[in-house]
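Structure data (mmCIF, C-alpha atoms) from my_file37.cif:
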data_run
loop_
_atom_site.label_atom_id
_atom_site.label_comp_id
_atom_site.auth_asym_id
_atom_site.auth_seq_id
_atom_site.Cartn_x
_atom_site.Cartn_y
_atom_site.Cartn_z
CA MET A 596 -5.18 -6.42 16.21
CA ASP A 597 -2.67 -4.19 14.47
CA ASN A 598 0.54 -2.79 15.77
CA PRO A 599 -0.27 0.58 17.37
CA GLU A 600 3.30 1.77 16.83
CA LYS A 601 2.88 1.35 13.10
CA ILE A 602 -0.34 3.37 13.13
CA SER A 603 1.14 6.26 15.08
CA GLU A 604 4.26 6.24 12.84
CA GLN A 605 2.02 6.52 9.81
CA LYS A 606 -0.03 9.35 11.26
CA GLU A 607 3.17 11.12 12.26
CA ARG A 608 4.54 10.82 8.73
CA GLU A 609 1.31 12.22 7.33
CA ASP A 610 1.30 15.13 9.76
CA VAL A 611 4.92 15.95 8.97
CA SER A 612 4.42 15.88 5.21
CA VAL A 613 1.26 17.99 5.39
CA ALA A 614 2.98 20.44 7.74
CA GLU A 615 5.97 20.68 5.40
CA VAL A 616 3.75 21.49 2.44
CA GLU A 617 1.68 23.99 4.35
CA LYS A 618 4.76 25.94 5.46
CA LYS A 619 5.37 26.84 1.85
CA GLY A 620 2.03 28.36 0.96
CA PRO A 621 -1.71 28.03 1.32
CA SER A 622 -3.01 24.88 2.98
CA ASP A 623 -4.58 22.07 1.02
CA LEU A 624 -7.94 23.05 2.51
CA GLU A 625 -7.57 26.63 1.31
CA LEU A 626 -6.60 25.43 -2.15
CA ALA A 627 -9.52 23.01 -2.19
CA GLN A 628 -11.93 25.80 -1.25
CA LYS A 629 -10.54 28.06 -3.97
CA SER A 630 -10.71 25.20 -6.46
CA ALA A 631 -14.32 24.58 -5.55
CA ALA A 632 -15.01 28.26 -6.21
CA GLY A 633 -13.65 27.82 -9.74
CA ASP A 634 -9.98 28.78 -9.31
CA THR A 635 -8.20 26.41 -11.70
CA SER A 636 -4.74 27.63 -10.66
CA ALA A 637 -5.51 26.57 -7.06
CA PHE A 638 -6.48 23.15 -8.36
CA GLU A 639 -3.27 23.00 -10.38
CA GLU A 640 -1.30 23.69 -7.18
CA LEU A 641 -3.09 20.81 -5.46
CA TYR A 642 -2.39 18.61 -8.47
CA ARG A 643 1.34 19.41 -8.41
CA ARG A 644 1.59 18.86 -4.66
CA HIS A 645 -0.02 15.43 -4.80
CA PHE A 646 0.72 14.10 -8.29
CA ARG A 647 3.66 11.92 -7.26
CA ARG A 648 1.96 10.40 -4.26
CA VAL A 649 -1.13 9.50 -6.30
CA TYR A 650 0.96 8.06 -9.12
CA ALA A 651 3.11 6.02 -6.70
CA LEU A 652 0.03 4.53 -5.07
CA CYS A 653 -1.53 3.66 -8.46
CA MET A 654 1.76 2.16 -9.60
CA ARG A 655 2.11 0.02 -6.49
CA MET A 656 -1.44 -1.25 -6.74
CA MET A 657 -1.51 -1.76 -10.51
CA GLY A 658 2.08 -2.67 -11.31
CA ASN A 659 1.98 -1.16 -14.79
CA PRO A 660 3.31 2.35 -15.57
CA THR A 661 0.88 3.05 -18.41
CA GLU A 662 -2.15 1.94 -16.42
CA ALA A 663 -0.88 3.85 -13.39
CA GLU A 664 -0.53 7.04 -15.44
CA ASP A 665 -4.03 6.67 -16.89
CA MET A 666 -5.43 5.99 -13.43
CA THR A 667 -3.64 9.05 -12.03
CA GLN A 668 -5.39 11.13 -14.65
CA GLU A 669 -8.72 9.52 -13.72
CA VAL A 670 -8.14 10.23 -10.04
CA PHE A 671 -7.47 13.91 -10.64
CA LEU A 672 -10.52 14.20 -12.88
CA GLN A 673 -12.54 12.63 -10.08
CA LEU A 674 -10.90 15.00 -7.61
CA PHE A 675 -11.79 17.97 -9.80
CA ASN A 676 -15.41 16.85 -9.87
CA LYS A 677 -15.59 16.21 -6.12
CA ILE A 678 -13.34 18.90 -4.70
CA GLY A 679 -16.32 20.77 -3.28
CA MET A 680 -17.06 17.77 -1.08
CA PHE A 681 -13.80 18.15 0.85
CA ARG A 682 -14.63 19.94 4.09
CA GLY A 683 -11.34 19.55 5.92
CA GLU A 684 -12.68 17.01 8.42
CA SER A 685 -9.66 14.80 7.70
CA ALA A 686 -6.26 15.62 6.22
CA PHE A 687 -6.52 16.27 2.51
CA THR A 688 -3.85 13.63 1.86
CA THR A 689 -5.96 11.03 3.70
CA TRP A 690 -9.06 11.97 1.73
CA LEU A 691 -7.26 11.92 -1.62
CA HIS A 692 -5.52 8.68 -0.73
CA ARG A 693 -8.82 6.98 -0.04
CA MET A 694 -10.27 8.35 -3.26
CA THR A 695 -7.30 6.94 -5.18
CA VAL A 696 -7.62 3.51 -3.58
CA ASN A 697 -11.34 3.44 -4.36
CA GLN A 698 -10.75 4.41 -8.00
CA VAL A 699 -8.15 1.67 -8.45
CA LEU A 700 -10.38 -0.92 -6.78
CA MET A 701 -13.30 0.12 -8.97
CA HIS A 702 -11.07 -0.38 -12.00
CA PHE A 703 -10.09 -3.84 -10.73
CA ARG A 704 -13.73 -4.75 -10.21
CA LYS A 705 -14.65 -3.72 -13.74
CA LYS A 706 -11.99 -5.82 -15.37
CA SER A 707 -11.67 -8.78 -13.01
CA THR A 708 -13.68 -11.60 -11.64
CA ARG A 709 -14.05 -11.91 -7.90
CA SER A 710 -11.66 -14.87 -7.90
CA GLU A 711 -8.93 -12.61 -9.32
CA LEU A 712 -9.54 -9.92 -6.72
CA ILE A 713 -8.96 -12.39 -3.93
CA THR A 714 -6.00 -14.68 -4.42
CA ASP A 715 -6.99 -18.29 -4.09
CA GLU A 716 -6.95 -19.43 -0.49
CA GLY A 717 -4.72 -22.39 -1.12
CA GLU A 718 -1.93 -23.63 1.03
CA THR A 719 0.47 -21.22 2.61
CA PRO A 720 2.78 -20.42 -0.32
CA VAL A 721 6.02 -21.12 1.45
CA GLN A 722 6.62 -24.33 3.26
CA ILE A 723 9.98 -24.93 4.76
CA VAL A 724 11.52 -28.08 3.45
CA ARG A 725 14.57 -28.74 5.47
CA GLY A 726 17.82 -28.70 3.58
CA THR A 727 16.37 -26.98 0.50
CA GLU A 728 17.07 -23.39 1.40
CA ASN A 729 19.75 -21.52 3.23
CA PRO A 730 18.86 -21.35 6.87
CA GLY A 731 18.89 -18.04 8.65
CA SER A 732 17.44 -14.77 7.50
CA MET A 733 18.28 -12.60 4.52
CA ALA A 734 20.95 -9.98 5.16
CA THR A 735 18.76 -7.17 3.89
CA VAL A 736 15.71 -6.39 1.77
CA ASP A 737 16.11 -3.30 -0.35
CA ARG A 738 13.23 -1.30 -1.75
CA ILE A 739 14.03 -2.18 -5.35
CA ALA A 740 13.93 -5.92 -4.62
CA LEU A 741 10.65 -5.51 -2.77
CA GLU A 742 9.06 -3.42 -5.56
CA LYS A 743 10.11 -6.03 -8.11
CA ALA A 744 8.72 -8.90 -6.06
CA LEU A 745 5.54 -6.94 -5.42
CA GLN A 746 4.83 -6.72 -9.14
CA GLN A 747 5.01 -10.51 -9.36
CA LEU A 748 2.45 -11.10 -6.63
CA PRO A 749 -1.05 -12.22 -7.63
CA MET A 750 -3.47 -9.27 -7.60
CA GLY A 751 -5.30 -10.24 -4.41
CA TYR A 752 -2.13 -10.63 -2.37
CA ARG A 753 -0.63 -7.46 -3.80
CA THR A 754 -3.70 -5.35 -3.06
CA VAL A 755 -3.88 -6.41 0.59
CA PHE A 756 -0.12 -6.04 1.11
CA VAL A 757 -0.05 -2.56 -0.44
CA LEU A 758 -3.07 -1.36 1.52
CA HIS A 759 -2.00 -2.77 4.89
CA ASP A 760 1.77 -2.97 5.00
CA ILE A 761 2.68 -0.02 2.80
CA GLU A 762 -0.24 2.37 3.08
CA GLY A 763 -1.03 1.61 6.69
CA TYR A 764 -4.74 0.75 6.52
CA GLU A 765 -6.17 -1.47 9.24
CA HIS A 766 -7.57 -4.89 8.43
CA TYR A 767 -11.14 -3.72 9.04
CA GLU A 768 -10.60 -0.91 6.52
CA VAL A 769 -9.03 -3.24 3.95
CA ALA A 770 -11.89 -5.67 4.44
CA GLU A 771 -14.45 -2.89 3.96
CA MET A 772 -12.75 -1.56 0.83
CA LEU A 773 -12.44 -4.99 -0.76
CA GLY A 774 -15.79 -6.34 0.43
CA ILE A 775 -14.20 -9.28 2.20
CA ALA A 776 -14.15 -10.58 5.76
CA GLU A 777 -11.49 -9.22 8.12
CA GLY A 778 -10.17 -12.74 8.59
CA THR A 779 -9.71 -13.07 4.84
CA SER A 780 -7.72 -9.86 4.79
CA LYS A 781 -5.45 -11.20 7.55
CA SER A 782 -5.01 -14.53 5.85
CA GLN A 783 -4.30 -12.97 2.44
CA LEU A 784 -1.77 -10.63 4.00
CA HIS A 785 0.11 -13.40 5.75
CA LYS A 786 0.31 -15.42 2.55
CA ALA A 787 1.35 -12.34 0.59
CA ARG A 788 4.22 -11.72 2.99
CA LEU A 789 5.44 -15.31 2.71
CA LYS A 790 5.11 -15.25 -1.06
CA LEU A 791 7.10 -12.03 -1.21
CA ARG A 792 9.81 -13.61 0.87
CA GLN A 793 9.97 -16.52 -1.55
CA LEU A 794 10.19 -14.17 -4.56
CA ILE A 795 12.90 -12.02 -2.98
CA ARG A 796 14.94 -15.10 -2.11
CA GLN A 797 14.59 -16.34 -5.69
CA GLN A 798 15.78 -12.96 -6.99
CA ALA A 799 18.81 -13.10 -4.70
CA ALA A 800 19.63 -16.67 -5.72
CA SER A 801 19.47 -15.86 -9.43
CA LYS A 802 22.01 -13.01 -9.16
CA MET B 575 4.41 -26.75 17.98
CA ASP B 576 5.81 -27.80 14.60
CA CYS B 577 7.15 -25.66 11.76
CA SER B 578 3.95 -25.51 9.71
CA GLU B 579 1.89 -24.37 12.72
CA SER B 580 4.53 -21.81 13.56
CA LEU B 581 4.61 -20.50 9.98
CA GLU B 582 0.85 -20.02 9.95
CA LEU B 583 1.01 -17.86 13.08
CA LEU B 584 4.00 -15.62 12.38
CA SER B 585 2.04 -12.56 11.24
CA GLU B 586 -0.32 -12.73 14.20
CA TYR B 587 2.64 -13.34 16.53
CA ARG B 588 4.35 -10.25 15.18
CA SER B 589 1.30 -8.04 15.58
CA GLY B 590 0.67 -9.28 19.11
CA ALA B 591 -2.69 -10.77 18.15
CA LEU B 592 -2.09 -14.22 19.65
CA GLY B 593 -3.16 -15.26 23.11
CA GLU B 594 -0.57 -15.74 25.80
CA SER B 595 -0.18 -19.49 25.46
CA GLN B 596 0.17 -19.40 21.66
CA THR B 597 2.62 -16.52 21.92
CA LEU B 598 4.78 -18.57 24.26
CA LEU B 599 4.58 -21.62 22.00
CA VAL B 600 5.64 -19.66 18.92
CA ARG B 601 8.40 -17.93 20.84
CA ALA B 602 9.70 -21.24 22.12
CA HIS B 603 9.58 -22.74 18.63
CA LEU B 604 11.46 -19.80 17.09
CA SER B 605 14.16 -19.98 19.73
CA GLY B 606 14.86 -23.60 18.80
CA CYS B 607 14.26 -23.58 15.02
CA VAL B 608 16.72 -21.73 12.83
CA ASP B 609 14.51 -22.12 9.73
CA CYS B 610 11.38 -20.60 11.22
CA ASP B 611 13.40 -17.95 13.04
CA GLY B 612 14.95 -17.10 9.66
CA VAL B 613 11.50 -16.72 8.10
CA PHE B 614 10.39 -14.48 10.97
CA LYS B 615 13.46 -12.26 10.59
CA ASP B 616 12.92 -12.10 6.82
CA LEU B 617 9.35 -10.94 7.38
CA GLU B 618 10.65 -8.20 9.68
CA LEU B 619 13.02 -7.03 6.93
CA ILE B 620 10.23 -7.09 4.34
CA LEU B 621 7.93 -5.07 6.58
CA ARG B 622 10.65 -2.53 7.28
CA ALA B 623 11.28 -2.14 3.54
CA ALA B 624 7.51 -1.91 2.95
CA ALA B 625 7.18 0.93 5.45
CA SER B 626 9.90 2.85 3.63
CA LEU B 627 8.13 2.47 0.28
CA ARG B 628 5.33 4.81 1.26
CA GLU B 629 7.52 7.85 0.95
CA THR B 630 9.79 6.61 -1.79
CA ASN B 631 10.78 8.75 -4.73
CA GLY B 632 12.26 5.85 -6.62
CA TYR B 633 9.77 5.73 -9.50
CA ALA B 634 10.34 6.97 -13.00
CA TYR B 635 7.44 9.39 -12.71
CA PRO B 636 5.62 10.46 -15.86
CA ASP B 637 5.84 14.11 -16.85
CA GLU B 638 3.29 15.86 -14.65
CA ASN B 639 2.92 18.67 -17.20
CA VAL B 640 1.82 16.17 -19.85
CA VAL B 641 -0.75 14.58 -17.53
CA TRP B 642 -1.95 18.04 -16.51
CA GLN B 643 -2.46 18.97 -20.16
CA ARG B 644 -4.38 15.75 -20.74
CA LEU B 645 -6.76 16.66 -17.94
CA SER B 646 -7.93 19.64 -20.08
CA LEU B 647 -9.68 21.22 -17.13
CA SER B 648 -10.02 24.73 -18.46
CA ASN B 649 -13.34 23.94 -20.18
CA LYS B 650 -14.79 21.83 -17.41
CA PRO B 651 -17.11 23.27 -14.76
CA ILE B 652 -16.27 22.50 -11.14
CA HIS B 653 -19.04 20.66 -9.31
#

Representation of the structure as structure tokens:
Amino acid sequence: MDNPEKISEQKEREDVSVAEVEKKGPSDLELAQKSAAGDTSAFEELYRRHFRRVYALCMRMMGNPTEAEDMTQEVFLQLFNKIGMFRGESAFTTWLHRMTVNQVLMHFRKKSTRSELITDEGETPVQIVRGTENPGSMATVDRIALEKALQQLPMGYRTVFVLHDIEGYEHYEVAEMLGIAEGTSKSQLHKARLKLRQLIRQQAASK
Amino acid sequence: MDCSESLELLSEYRSGALGESQTLLVRAHLSGCVDCDGVFKDLELILRAAASLRETNGYAYPDENVVWQRLSLSNKPIH
């Protein structure tokens, strides 16, 4: 069961950002329809509206700027080829987001073995050993520290964390996208969170 | 409940996925264990930071004009 507050916050954020964009010109749906009719300038407008979001998602999932840039290009090529399939049944951002995730996962599947896609289900990565770490919680976790730690996570942990905790997908959706059981998604996520905590604490200690 | 059991359940505790009795056991453990309570609070901070990443503009984005040029769409038919 996921936190319903988180889901509604995410939907609210999406609605706000779509509304903000639409105030300034034609809607994404209108641009998509024009693009499908062959209007390349409409497609360029869509590209410019969504370029950063697509790149950021690729970067988070892949952890490598060059690969993320190449993947962004692939995603927009895919979008160009499939734009006529967008019918406005969901928000364009949601549709494009899912397309991006699927492209990245397809890339992972091509270059990785299944064991790399799912991080080994070993022991929980962080065990408290009394007296070996400072008790109490960290004062803060800034975005830079989290991004840095995220890039050090094994691929399986990182993928589940990005999809669930950053992008807001539910466990059943993550499980479906990755072809794993929902319980595996939950377990990978929990271990990813604990591993991230360990990495962030190590960063702080080495400063 | 000991620390390792508590650690295993923290994500489910946070999302409200545990049954009533396990919820009470974890809550009781956290109230008496500064280490596990510290881990739980750290996870809260991590999740808050994670939520803020979705809209972040903190990346060194590549030049969108260059990527657009590389797409070379002018000669491609739309499907």

Checklist entry - Rounded to one decimal in Å, what is the spacing between atom CA of A:Ser685 and atom CA of A:Leu624? => result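 Taking atom CA of A:Ser685 and atom CA of A:Leu624, their separation equals 9.9 Å.
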
Item to check | Top pick for closest residue to A:Lys790, considering A:Ala744, A:Met750, A:Leu691, A:Ile775 and counting all atoms listed in the file | outcome: A:Ala744

Next on the checklist: I need the residue nearest chain A from this list: B:His603, B:Gly590, B:Val640, B:Gln596. Use all atoms listed in the file for the distance.
Outcome noted: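 Answer, going by the shortest atom-to-atom distance: B:Gly590.
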
Checklist entry - What lies within 10 Å of B:Trp642 using only C-alpha atoms, ignoring chain neighbours under 5 positions off, as an NGL selection string? => result (:A and (639 or 642-643 or 646 or 668 or 671)) or (:B and (637 or 647))

Next on the checklist: Just to confirm, what's the straight-line distance from atom CA of A:Val736 to atom CA of A:Asp760 in Å (one decimal)?
Outcome noted: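 The value is 14.7 Å.
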
Next on the checklist: Report, in Å with one decimal, the straight-line distance from atom CA of A:Leu773 to atom CA of A:Leu700.
Outcome noted: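 Separation between atom CA of A:Leu773 and atom CA of A:Leu700: 7.6 Å.
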
Next on the checklist: Once the PyMOL selection byres ((chain A and resi 673-677) around 9) has been evaluated on this model, what residues remain selected, and can you format them as a list of chain:residue names?
Outcome noted: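 Those residues are A:Ser630, A:Ala631, A:Phe638, A:Gln668, A:Glu669, A:Val670, A:Phe671, A:Leu672, A:Ile678, A:Gly679, A:Met680, A:Phe681, A:Leu691, A:Met694, A:Gln698, B:Leu647, B:Pro651, B:Ile652, B:His653.
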